[in-house]
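Structure file final37.txt (compact mmCIF, C-alpha atoms and all ligand atoms) follows.
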```txt
# COMPACT_ATOMS: atom_id res chain seq x y z
CA MET A 28 0.00 0.00 0.00
CA ARG A 29 1.11 3.52 -0.74
CA ARG A 30 2.01 5.51 2.39
CA VAL A 31 1.63 9.28 2.28
CA TYR A 32 2.65 11.36 5.28
CA LEU A 33 0.86 14.70 5.25
CA ASP A 34 1.27 15.71 8.88
CA HIS A 35 4.50 17.72 8.79
CA ALA A 36 2.98 20.40 11.01
CA ALA A 37 2.90 17.78 13.79
CA THR A 38 6.44 16.58 13.23
CA THR A 39 8.96 15.81 10.50
CA PRO A 40 11.34 12.89 9.95
CA ILE A 41 14.97 13.45 10.98
CA ASP A 42 17.11 14.30 7.98
CA PRO A 43 19.92 11.71 7.55
CA ARG A 44 22.48 14.55 7.59
CA VAL A 45 21.11 15.68 10.93
CA ARG A 46 21.41 12.18 12.37
CA LYS A 47 24.99 12.01 11.11
CA ALA A 48 25.88 15.34 12.68
CA MET A 49 24.43 14.18 16.02
CA GLU A 50 26.08 10.80 16.10
CA PRO A 51 29.51 11.75 17.56
CA TYR A 52 27.74 13.46 20.48
CA LEU A 53 25.76 10.31 21.21
CA THR A 54 28.93 8.22 21.25
CA ARG A 55 32.53 9.33 21.78
CA GLU A 56 31.97 13.07 22.37
CA PHE A 57 29.96 12.57 25.53
CA GLY A 58 31.50 15.32 27.64
CA ASN A 59 29.53 17.66 29.87
CA PRO A 60 29.79 21.12 28.27
CA SER A 61 30.30 22.65 31.72
CA SER A 62 33.42 20.55 32.35
CA LEU A 63 36.75 22.30 31.86
CA HIS A 64 38.68 19.31 30.49
CA ALA A 65 39.06 18.29 26.85
CA TRP A 66 35.85 16.24 26.80
CA GLY A 67 33.86 19.17 28.14
CA ARG A 68 35.52 21.68 25.84
CA THR A 69 34.58 19.65 22.76
CA ALA A 70 30.93 19.61 23.80
CA ARG A 71 31.03 23.33 24.67
CA LEU A 72 32.51 24.13 21.27
CA ALA A 73 29.73 22.19 19.53
CA ILE A 74 27.06 24.16 21.41
CA ASP A 75 28.79 27.47 20.68
CA GLU A 76 28.85 26.64 16.98
CA ALA A 77 25.20 25.62 17.01
CA ARG A 78 24.29 28.86 18.76
CA GLU A 79 26.06 30.82 16.03
CA THR A 80 24.15 28.92 13.36
CA LEU A 81 20.82 29.74 14.96
CA ALA A 82 21.84 33.35 15.52
CA ALA A 83 22.80 33.73 11.84
CA ALA A 84 19.46 32.28 10.74
CA LEU A 85 17.48 34.51 13.10
CA GLY A 86 19.61 37.60 12.52
CA CYS A 87 20.56 38.07 16.17
CA PHE A 88 23.58 37.80 18.47
CA PRO A 89 24.58 34.30 19.62
CA ASP A 90 24.07 35.12 23.29
CA GLU A 91 20.46 36.06 22.51
CA VAL A 92 19.76 32.39 21.68
CA CYS A 93 18.75 30.18 24.61
CA PHE A 94 18.47 26.43 23.97
CA VAL A 95 15.55 24.70 25.67
CA SER A 96 13.82 21.32 25.54
CA SER A 97 11.04 22.08 23.04
CA GLY A 98 8.90 24.66 21.34
CA THR A 99 6.56 24.24 24.28
CA GLU A 100 9.24 25.12 26.83
CA SER A 101 10.34 28.03 24.66
CA CYS A 102 6.84 29.53 24.66
CA ASN A 103 6.34 28.78 28.38
CA LEU A 104 9.61 30.49 29.22
CA ALA A 105 8.77 33.49 27.05
CA ILE A 106 5.28 34.06 28.46
CA ILE A 107 5.72 33.04 32.10
CA GLY A 108 9.36 34.14 32.36
CA CYS A 109 8.66 37.61 30.98
CA ALA A 110 5.40 38.02 32.93
CA LEU A 111 7.06 37.21 36.25
CA LYS A 112 9.25 40.28 35.76
CA ALA A 113 6.28 42.61 35.35
CA PRO A 114 5.91 45.40 37.90
CA PRO A 115 2.66 45.22 39.92
CA ASP A 116 0.98 47.89 37.80
CA ARG A 117 1.73 46.16 34.46
CA ARG A 118 -0.04 42.83 34.73
CA HIS A 119 -2.17 42.83 31.59
CA ILE A 120 -1.23 40.29 28.92
CA LEU A 121 -2.64 39.90 25.41
CA LEU A 122 -2.53 36.54 23.60
CA SER A 123 -4.13 35.82 20.25
CA ALA A 124 -7.08 33.43 20.53
CA ILE A 125 -5.48 30.99 18.08
CA GLU A 126 -2.12 30.55 19.83
CA HIS A 127 -0.80 27.04 20.44
CA HIS A 128 -1.84 25.63 23.82
CA CYS A 129 1.71 26.09 25.09
CA VAL A 130 1.08 29.86 24.93
CA LEU A 131 -2.59 29.88 25.96
CA ASP A 132 -2.05 27.54 28.89
CA ALA A 133 0.95 29.59 30.03
CA GLY A 134 -1.50 32.51 30.19
CA GLU A 135 -3.93 30.40 32.24
CA TRP A 136 -1.07 29.40 34.55
CA LEU A 137 -0.42 33.09 35.26
CA ARG A 138 -3.98 34.06 36.23
CA PRO A 139 -3.84 32.91 39.88
CA PHE A 140 -0.71 35.05 40.28
CA GLY A 141 -2.65 38.24 39.62
CA PHE A 142 -2.29 38.58 35.88
CA GLU A 143 -5.13 39.67 33.65
CA VAL A 144 -4.84 37.61 30.50
CA GLU A 145 -6.98 38.64 27.55
CA GLN A 146 -7.41 36.99 24.16
CA LEU A 147 -7.16 38.87 20.89
CA PRO A 148 -9.97 37.85 18.54
CA VAL A 149 -9.30 36.88 14.91
CA ASP A 150 -11.27 37.40 11.70
CA ARG A 151 -12.85 34.57 9.68
CA TYR A 152 -9.47 33.81 8.09
CA GLY A 153 -7.83 33.53 11.48
CA GLN A 154 -5.95 36.81 11.32
CA VAL A 155 -5.39 39.24 14.17
CA SER A 156 -5.72 42.80 12.93
CA LEU A 157 -3.39 45.59 13.89
CA ASP A 158 -6.43 47.71 14.80
CA THR A 159 -7.62 45.08 17.25
CA VAL A 160 -4.25 45.08 18.98
CA ARG A 161 -4.28 48.89 19.06
CA GLU A 162 -7.74 48.89 20.66
CA ARG A 163 -6.84 46.28 23.27
CA LEU A 164 -3.47 47.65 24.33
CA ARG A 165 -3.71 49.39 27.72
CA PRO A 166 -1.31 51.43 29.81
CA ASP A 167 -0.87 48.37 32.03
CA THR A 168 -0.21 45.92 29.18
CA TRP A 169 3.14 44.20 29.73
CA LEU A 170 3.35 41.51 27.06
CA VAL A 171 1.72 40.58 23.75
CA SER A 172 2.04 37.21 22.00
CA VAL A 173 0.98 36.58 18.40
CA MET A 174 2.19 33.56 16.45
CA HIS A 175 3.92 33.95 13.07
CA ALA A 176 1.75 31.29 11.44
CA ASN A 177 -0.98 29.15 12.91
CA ASN A 178 -0.21 25.43 13.13
CA GLU A 179 -3.75 24.26 12.32
CA ILE A 180 -5.03 26.49 9.54
CA GLY A 181 -1.74 27.96 8.33
CA THR A 182 -2.76 31.62 8.46
CA LEU A 183 0.14 34.08 8.61
CA GLN A 184 -0.13 36.98 11.04
CA PRO A 185 0.94 40.60 10.52
CA VAL A 186 3.54 40.20 13.27
CA ALA A 187 5.97 42.85 12.01
CA ALA A 188 3.30 45.56 12.23
CA ILE A 189 2.03 44.33 15.59
CA GLY A 190 5.62 44.23 16.86
CA ALA A 191 6.25 47.80 15.73
CA LEU A 192 3.14 48.96 17.57
CA CYS A 193 4.16 47.11 20.74
CA ARG A 194 7.60 48.65 20.63
CA GLU A 195 6.11 52.12 20.21
CA ARG A 196 3.99 51.46 23.32
CA GLY A 197 6.83 49.96 25.34
CA VAL A 198 5.19 46.52 25.45
CA TRP A 199 7.20 43.28 25.15
CA PHE A 200 6.35 41.16 22.12
CA HIS A 201 6.64 37.37 21.73
CA VAL A 202 6.29 35.47 18.45
CA ASP A 203 5.79 31.70 18.21
CA ALA A 204 7.61 31.00 14.94
CA VAL A 205 7.68 27.21 15.28
CA GLN A 206 5.71 26.73 12.05
CA THR A 207 7.51 29.29 9.89
CA PHE A 208 11.15 28.85 10.91
CA GLY A 209 13.08 27.10 8.15
CA LEU A 210 10.24 27.59 5.68
CA LEU A 211 9.90 31.39 5.53
CA PRO A 212 12.35 34.14 6.50
CA VAL A 213 12.31 34.55 10.27
CA LYS A 214 14.48 37.55 11.14
CA VAL A 215 13.91 38.95 14.59
CA ASP A 216 14.59 42.55 13.59
CA ALA A 217 12.21 42.42 10.63
CA LEU A 218 9.52 40.96 12.90
CA ASN A 219 10.10 43.59 15.61
CA CYS A 220 9.94 40.96 18.34
CA ASP A 221 11.69 40.69 21.71
CA LEU A 222 11.09 36.97 22.20
CA LEU A 223 10.71 34.28 19.53
CA SER A 224 10.21 30.53 19.79
CA VAL A 225 11.46 27.77 17.47
CA SER A 226 11.56 23.97 17.62
CA ALA A 227 13.89 21.42 15.97
CA HIS A 228 11.50 18.56 15.21
CA LYS A 229 9.31 20.71 12.96
CA ILE A 230 12.28 21.28 10.64
CA TYR A 231 13.66 17.73 10.22
CA GLY A 232 15.66 17.92 13.44
CA PRO A 233 15.35 15.79 16.58
CA LYS A 234 12.46 15.92 19.04
CA GLY A 235 13.05 17.41 22.45
CA VAL A 236 15.04 20.51 21.55
CA GLY A 237 14.00 24.07 20.86
CA ALA A 238 15.26 27.58 21.34
CA LEU A 239 14.07 30.93 22.61
CA TYR A 240 15.42 34.13 21.12
CA ILE A 241 15.71 36.72 23.89
CA ARG A 242 16.52 40.25 22.70
CA ALA A 243 19.24 41.76 24.87
CA GLY A 244 17.58 43.66 27.71
CA THR A 245 14.30 41.73 27.71
CA PRO A 246 13.32 40.90 31.30
CA LEU A 247 13.06 37.16 31.89
CA GLN A 248 12.73 35.08 35.04
CA PRO A 249 14.28 31.61 34.51
CA LEU A 250 11.87 28.71 35.06
CA MET A 251 14.60 26.09 35.49
CA VAL A 252 17.08 26.74 38.29
CA GLY A 253 20.06 24.91 39.68
CA GLY A 254 22.86 25.66 37.24
CA GLY A 255 24.33 28.51 35.25
CA GLN A 256 23.74 27.00 31.80
CA GLU A 257 22.48 29.09 28.90
CA HIS A 258 23.73 32.32 30.48
CA ASP A 259 21.73 31.65 33.67
CA ARG A 260 18.48 31.54 31.73
CA ARG A 261 17.88 27.78 31.66
CA ALA A 262 19.56 25.46 34.14
CA GLY A 263 20.25 21.83 33.29
CA THR A 264 22.99 20.05 31.36
CA GLU A 265 22.48 20.81 27.70
CA ASN A 266 21.11 18.28 25.19
CA VAL A 267 24.35 18.46 23.21
CA ALA A 268 23.45 15.99 20.45
CA GLY A 269 19.99 17.52 20.10
CA ILE A 270 21.41 21.04 19.87
CA VAL A 271 23.97 19.97 17.25
CA GLY A 272 21.19 18.24 15.30
CA PHE A 273 19.00 21.33 15.54
CA ALA A 274 21.78 23.48 14.08
CA GLU A 275 22.35 21.06 11.20
CA ALA A 276 18.60 21.05 10.50
CA VAL A 277 18.66 24.86 10.46
CA ARG A 278 21.62 24.91 8.06
CA ILE A 279 19.85 22.56 5.64
CA ALA A 280 16.52 24.37 5.88
CA GLU A 281 18.10 27.80 5.37
CA SER A 282 20.08 26.64 2.33
CA THR A 283 17.00 25.09 0.65
CA ARG A 284 14.29 27.49 1.82
CA GLU A 285 14.22 29.69 -1.27
CA THR A 286 13.47 26.79 -3.61
CA GLU A 287 11.54 24.60 -1.17
CA ALA A 288 8.91 27.15 -0.12
CA PRO A 289 7.76 27.89 -3.71
CA ARG A 290 7.83 24.17 -4.56
CA LEU A 291 5.56 23.42 -1.61
CA ALA A 292 3.28 26.35 -2.37
CA GLN A 293 2.82 25.17 -5.93
CA LEU A 294 2.01 21.60 -4.84
CA ARG A 295 -0.33 22.93 -2.17
CA ASP A 296 -2.19 25.23 -4.57
CA ALA A 297 -2.75 22.43 -7.07
CA PHE A 298 -3.93 20.17 -4.21
CA ILE A 299 -6.35 22.79 -2.92
CA ARG A 300 -7.72 23.37 -6.41
CA ALA A 301 -8.20 19.64 -7.02
CA VAL A 302 -9.97 19.13 -3.70
CA LEU A 303 -12.30 22.11 -4.11
CA GLU A 304 -13.11 21.25 -7.73
CA THR A 305 -13.76 17.55 -7.32
CA ILE A 306 -15.29 17.21 -3.86
CA PRO A 307 -18.70 18.77 -3.24
CA ASP A 308 -19.24 20.90 -0.14
CA ALA A 309 -15.57 21.23 0.62
CA THR A 310 -14.23 24.58 1.78
CA LEU A 311 -10.73 25.86 2.39
CA THR A 312 -10.07 27.07 5.93
CA GLY A 313 -7.80 30.00 6.71
CA HIS A 314 -6.52 32.78 4.52
CA PRO A 315 -6.59 32.15 0.74
CA THR A 316 -3.11 33.62 0.18
CA GLU A 317 -1.58 34.65 3.52
CA ARG A 318 -0.83 31.10 4.60
CA LEU A 319 2.01 28.67 5.21
CA PRO A 320 3.31 27.27 1.92
CA ASN A 321 2.78 23.70 3.16
CA ASN A 322 -0.66 23.97 4.77
CA ALA A 323 -4.05 23.00 3.34
CA HIS A 324 -6.96 22.82 5.78
CA PHE A 325 -10.48 21.92 4.70
CA ARG A 326 -13.93 21.46 6.04
CA PHE A 327 -15.91 18.65 4.41
CA VAL A 328 -19.49 19.44 5.35
CA GLY A 329 -21.27 16.49 6.99
CA VAL A 330 -18.06 14.49 7.39
CA PRO A 331 -16.76 14.17 10.96
CA SER A 332 -12.99 14.55 10.89
CA ASP A 333 -12.37 11.51 13.11
CA SER A 334 -14.19 9.19 10.66
CA LEU A 335 -12.34 10.72 7.75
CA LEU A 336 -8.94 10.45 9.43
CA ILE A 337 -9.53 6.77 10.22
CA ALA A 338 -10.48 6.09 6.59
CA LEU A 339 -7.45 8.01 5.34
CA ASP A 340 -5.19 6.13 7.72
CA ARG A 341 -6.56 2.84 6.35
CA ALA A 342 -5.57 4.05 2.90
CA GLY A 343 -2.04 4.82 4.14
CA ILE A 344 -2.50 8.59 4.44
CA GLY A 345 -1.48 10.44 7.59
CA ALA A 346 -3.38 13.71 8.13
CA SER A 347 -4.70 15.45 11.22
CA SER A 348 -7.63 17.32 12.63
CA GLY A 349 -5.34 19.99 14.04
CA ALA A 350 -2.91 20.23 16.89
CA ALA A 351 -1.45 16.80 17.64
CA CYS A 352 -2.08 17.21 21.34
CA SER A 353 -5.79 17.85 20.88
CA ALA A 354 -6.19 15.07 18.31
CA GLY A 355 -7.81 12.13 20.05
CA SER A 356 -9.63 14.46 22.41
CA LEU A 357 -13.23 15.32 21.63
CA GLU A 358 -12.71 19.00 22.41
CA PRO A 359 -13.44 21.04 19.30
CA SER A 360 -10.43 22.96 18.04
CA HIS A 361 -10.10 26.33 19.78
CA VAL A 362 -8.70 27.68 16.51
CA LEU A 363 -11.78 26.76 14.49
CA MET A 364 -14.06 28.06 17.26
CA ALA A 365 -12.14 31.36 17.18
CA LEU A 366 -13.01 31.65 13.48
CA GLY A 367 -16.66 31.75 14.56
CA TRP A 368 -17.46 28.14 13.61
CA ASP A 369 -20.04 26.28 15.68
CA GLU A 370 -19.11 23.08 17.48
CA SER A 371 -20.36 20.70 14.82
CA ALA A 372 -18.54 22.54 12.04
CA ALA A 373 -15.39 22.51 14.15
CA GLN A 374 -15.58 18.67 14.22
CA GLU A 375 -15.28 18.63 10.43
CA GLY A 376 -11.88 20.25 9.92
CA VAL A 377 -8.95 18.30 8.46
CA ARG A 378 -5.38 19.50 8.01
CA PHE A 379 -2.92 18.32 5.38
CA SER A 380 0.63 19.58 5.85
CA LEU A 381 3.16 18.91 3.11
CA GLY A 382 6.88 18.38 3.51
CA ARG A 383 10.25 17.92 1.89
CA HIS A 384 9.41 14.47 0.50
CA THR A 385 5.86 15.19 -0.66
CA THR A 386 5.35 14.63 -4.39
CA GLN A 387 2.65 15.38 -6.93
CA GLU A 388 1.85 11.63 -7.04
CA ASP A 389 1.30 11.60 -3.26
CA LEU A 390 -1.23 14.38 -3.61
CA ASP A 391 -2.95 12.87 -6.66
CA TYR A 392 -3.44 9.69 -4.65
CA THR A 393 -4.72 11.69 -1.66
CA VAL A 394 -7.30 13.51 -3.78
CA GLU A 395 -8.45 10.20 -5.23
CA VAL A 396 -8.84 8.63 -1.77
CA LEU A 397 -10.56 11.77 -0.44
CA GLN A 398 -13.15 11.72 -3.22
CA LYS A 399 -14.04 8.12 -2.41
CA THR A 400 -13.98 8.30 1.38
CA VAL A 401 -15.83 11.60 1.70
CA ALA A 402 -18.61 10.22 -0.53
CA GLN A 403 -18.70 6.93 1.43
CA ILE A 404 -18.94 8.63 4.82
CA ARG A 405 -21.66 10.95 3.60
CA ALA A 406 -23.64 8.04 2.12
CA ARG A 407 -23.32 6.07 5.38
CA ARG A 408 -24.50 9.00 7.44
CA ALA A 409 -27.43 9.74 5.12
CA LYS A 410 -28.92 6.28 5.79
C1 LIG B 1 4.69 22.17 17.49
C2 LIG B 1 4.39 23.55 17.95
C3 LIG B 1 4.75 23.98 19.23
C4 LIG B 1 5.35 23.06 20.26
O1 LIG B 1 6.63 22.64 19.92
P1 LIG B 1 7.20 21.28 20.58
O2 LIG B 1 8.64 21.28 20.25
O3 LIG B 1 6.44 20.15 19.92
O4 LIG B 1 6.92 21.34 22.03
C5 LIG B 1 4.47 25.29 19.57
N1 LIG B 1 3.90 26.13 18.71
C6 LIG B 1 3.55 25.75 17.47
C7 LIG B 1 2.95 26.75 16.54
C8 LIG B 1 3.77 24.45 17.04
O5 LIG B 1 3.41 24.09 15.82
```
Spell out the structure here as structure tokens.
Amino acid sequence: MRRVYLDHAATTPIDPRVRKAMEPYLTREFGNPSSLHAWGRTARLAIDEARETLAAALGCFPDEVCFVSSGTESCNLAIIGCALKAPPDRRHILLSAIEHHCVLDAGEWLRPFGFEVEQLPVDRYGQVSLDTVRERLRPDTWLVSVMHANNEIGTLQPVAAIGALCRERGVWFHVDAVQTFGLLPVKVDALNCDLLSVSAHKIYGPKGVGALYIRAGTPLQPLMVGGGQEHDRRAGTENVAGIVGFAEAVRIAESTRETEAPRLAQLRDAFIRAVLETIPDATLTGHPTERLPNNAHFRFVGVPSDSLLIALDRAGIGASSGAACSAGSLEPSHVLMALGWDESAAQEGVRFSLGRHTTQEDLDYTVEVLQKTVAQIRARRAK
């Protein structure tokens, strides 16, 4: 049976070059980077190099890059770490309603500590408008977080403009760039952000490693304590192999980005067209043009996404109903609800996310299977 993986927004396979770069640090180069002897120095050097690679990709200074255990930890550290430094009269925080749970739940975590956390609404395409941010900013606002691109529906956000406004108002600005990094240009100065989160396993690197960009001067309370690692911002012996693998993944992504993004966008556009033209009552979710080059999200009216995903899986196709952590739960997607969908509509959303190995044939096969399965499920439910 043909196997087609279309869930790259959930995770990506490790690139063989990444695995090769990591290997020495899983075997002979096992030193603790904090040790002063030769073993330690080798590990330290590897981390320093990786930090420079990330800094070059992000357009920042190496010591503004803090390695952490995941995109989730990066966002937690940004939101909670920055909030805990807020003076008592600046405890208002704005988060877009479609943020990943690692941002939204960090906001919830802060509430009992006296923070007022407010969500920024989005339009029907899932975009936060600059005017909305302007209206909601208050003299006591301390921090704003708006993601670069949404992981479920792929919509890109006007982060550069929002960042400029925040800076003008003296408000700290965090961007979750986990979905765009390696695929689109992510330069911290162009985005006008103070904090920015990235993750390795979304860009063909290993799972369990991420980074937080921290602009020099941004207040941040460490959440991990007990060691001076990462310039006293994140205690704990570094995941040396993971960090080296992350850097190699960044190098590969950055060197292929300019050809890969248009290739994906072209495949995606043809896929969207084929789905909308051949399957009745199918609609595209998210922004028609301002979207991730590898994201296609649809609603198939009358087709529950769990039934469809099971049928697709049986045909060898891996897709998703949205965030991997909410898949399997019956909770409707908070992203689709934020678009103004009702609960039953929100149970009918399916995401296809393309990747480096996706081909035209993969997508032709997927369209073919979709036509059949959508019709079958509808017929079964009409009985
Ligand atoms: C995957 C993802 C995260 C979480 O990253 P992990 O490394 O899996 O913890 C955060 N934000 C977005 C937008 C993501 O897609």
Chain A residues near ligand LIG 1 (chain B) within 8 Å, closest pair each, using all atoms listed in the file, as CSV:
```
residue,atom,partner,partner_atom,distance
A:Ala36,CA,B:LIG1,O5,6.1
A:Ala37,CA,B:LIG1,C1,6.0
A:Thr38,CA,B:LIG1,C1,7.2
A:Ser96,CA,B:LIG1,O2,7.4
A:Ser97,CA,B:LIG1,O2,3.8
A:Gly98,CA,B:LIG1,O1,3.4
A:Thr99,CA,B:LIG1,O4,3.7
A:Glu100,CA,B:LIG1,O4,6.5
A:Ser101,CA,B:LIG1,O4,8.0
A:Cys102,CA,B:LIG1,C5,7.0
A:Glu126,CA,B:LIG1,C7,7.1
A:His127,CA,B:LIG1,N1,5.1
A:His128,CA,B:LIG1,C5,7.6
A:Cys129,CA,B:LIG1,C5,6.2
A:Val130,CA,B:LIG1,N1,7.8
A:Met174,CA,B:LIG1,C7,6.9
A:Ala176,CA,B:LIG1,C7,6.9
A:Asn177,CA,B:LIG1,C7,5.9
A:Asn178,CA,B:LIG1,O5,4.7
A:Glu179,CA,B:LIG1,O5,8.0
A:Asp203,CA,B:LIG1,N1,5.9
A:Ala204,CA,B:LIG1,C7,6.5
A:Val205,CA,B:LIG1,C6,4.9
A:Gln206,CA,B:LIG1,O5,5.1
A:Ser224,CA,B:LIG1,N1,7.8
A:Val225,CA,B:LIG1,O1,7.5
A:Ser226,CA,B:LIG1,O2,4.8
A:Ala227,CA,B:LIG1,O2,6.8
A:His228,CA,B:LIG1,O2,6.4
A:Lys229,CA,B:LIG1,C1,6.6
A:Lys234,CA,B:LIG1,O2,6.7
A:Gly235,CA,B:LIG1,O2,6.3
A:Val236,CA,B:LIG1,O2,6.6
A:Gly237,CA,B:LIG1,O2,6.1
A:Ala350,CA,B:LIG1,O5,7.5
```
May I ask which of the residues A:Ala113, A:Ala297, A:Leu53, A:Ile106 is the closest one to Thr168 (chain A), counting only C-alpha atoms?
->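 Ranking A:Ala113, A:Ala297, A:Leu53, A:Ile106 by distance to Thr168 (chain A), first place goes to A:Ala113.
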With a distance cut-off of 12 Å and all atoms listed in the file, select the neighbouring residues of Ala110 (chain A), excluding the residue or stretch itself and same-chain residues fewer than 4 positions from it, and output the selection as a ChimeraX atom specification.
-> /A:102-106,114-121,133-134,136-138,140-144,168-172,198-201,245-250
CA of Leu164 (chain A) to CA of Ala187 (chain A), straight-line distance in Å =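 Taking CA of Ala187 (chain A) and CA of Leu164 (chain A), their separation equals 16.2 Å.
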Near region 375-379 of chain A, within 9 Å and counting only C-alpha atoms, which residues show up once chain neighbours fewer than 5 positions away are dropped, as a ChimeraX atom specification?
-> /A:32-36,179-180,312,321-333,335-336,345-349,360,363
Find the residue from A:Glu56, A:Leu122, A:Tyr392, A:Thr400 that sits nearest to Ile337 (chain A); use all atoms listed in the file when measuring.
-> A:Thr400
Select, from A:Leu397, A:Glu388, A:Tyr152, A:Ala238, the residue with the minimum atom-to-atom distance to Glu257 (chain A), counting all atoms listed in the file.
->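 Selected residue with least distance to Glu257 (chain A): A:Ala238.
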Give the answer as one residue: which of A:Arg44, A:Arg408, A:Arg196, A:Arg68 has the shortest atom-to-atom distance to Asp167 (chain A), using all atoms listed in the file?
->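 Residue with the minimum atom-to-atom distance to Asp167 (chain A): A:Arg196.
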How many Å separate CA of Arg295 (chain A) from CA of Gln387 (chain A)?
-> 9.4 Å
For Asp150 (chain A), which residue out of A:Leu81, A:Leu291, A:Met364, A:Ala280 is the nearest one, using only C-alpha atoms?
->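 Selected residue with least distance to Asp150 (chain A): A:Met364.
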Neighbour list for region 48-50 of chain A as a CSV table (one decimal) with C-alpha atoms, keeping the file's coordinate frame, cut-off 8 Å, only C-alpha atoms, skip fewer than 4 positions in-chain:
```csv
chain,number,residue,atom,x,y,z
A,44,ARG,CA,22.5,14.6,7.6
A,54,THR,CA,28.9,8.2,21.2
A,268,ALA,CA,23.4,16.0,20.4
A,269,GLY,CA,20.0,17.5,20.1
A,271,VAL,CA,24.0,20.0,17.2
A,272,GLY,CA,21.2,18.2,15.3
A,275,GLU,CA,22.4,21.1,11.2
```
Counting only C-alpha atoms, which of A:Ser371, A:Asn266, A:Thr305, A:Thr316 gets nearest to Lys399 (chain A)?
->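 The answer is A:Thr305, which sits nearest to Lys399 (chain A).
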Could you give me, as a PyMOL selection string, the residues within 7 Å of Gly343 (chain A), counting only C-alpha atoms and dropping anything in the same chain fewer than 3 positions from it?
-> chain A and resi 28-31+339-340
Would you mind reading off the distance between CA of Gln403 (chain A) and CA of His384 (chain A), one decimal, in Å?
->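 Computing the Euclidean distance for CA of Gln403 (chain A) and CA of His384 (chain A) yields 29.1 Å.
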Once 8 Å is added on each side, what centre and edge lengths in Å to one decimal does the axis-aligned box around all listed atoms of region 224-231 of chain A have, as AutoDock Vina command-line options?
```
--center_x 11.6 --center_y 24.1 --center_z 15.0 --size_x 20.6 --size_y 28.8 --size_z 25.6
```
For region 252-255 of chain A: contacts at 10 Å, only C-alpha atoms, fewer than 6 positions along chain excluded, given as a VMD selection string = chain A and resid 61 261 to 264
Go ahead and save the picked residues with C-alpha atoms, as a tab-separated table (two decimals), keeping the file's coordinate frame.
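out.tsv was written with the following content:
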```
chain	number	residue	atom	x	y	z
A	61	SER	CA	30.30	22.65	31.72
A	261	ARG	CA	17.88	27.78	31.66
A	262	ALA	CA	19.56	25.46	34.14
A	263	GLY	CA	20.25	21.83	33.29
A	264	THR	CA	22.99	20.05	31.36
```
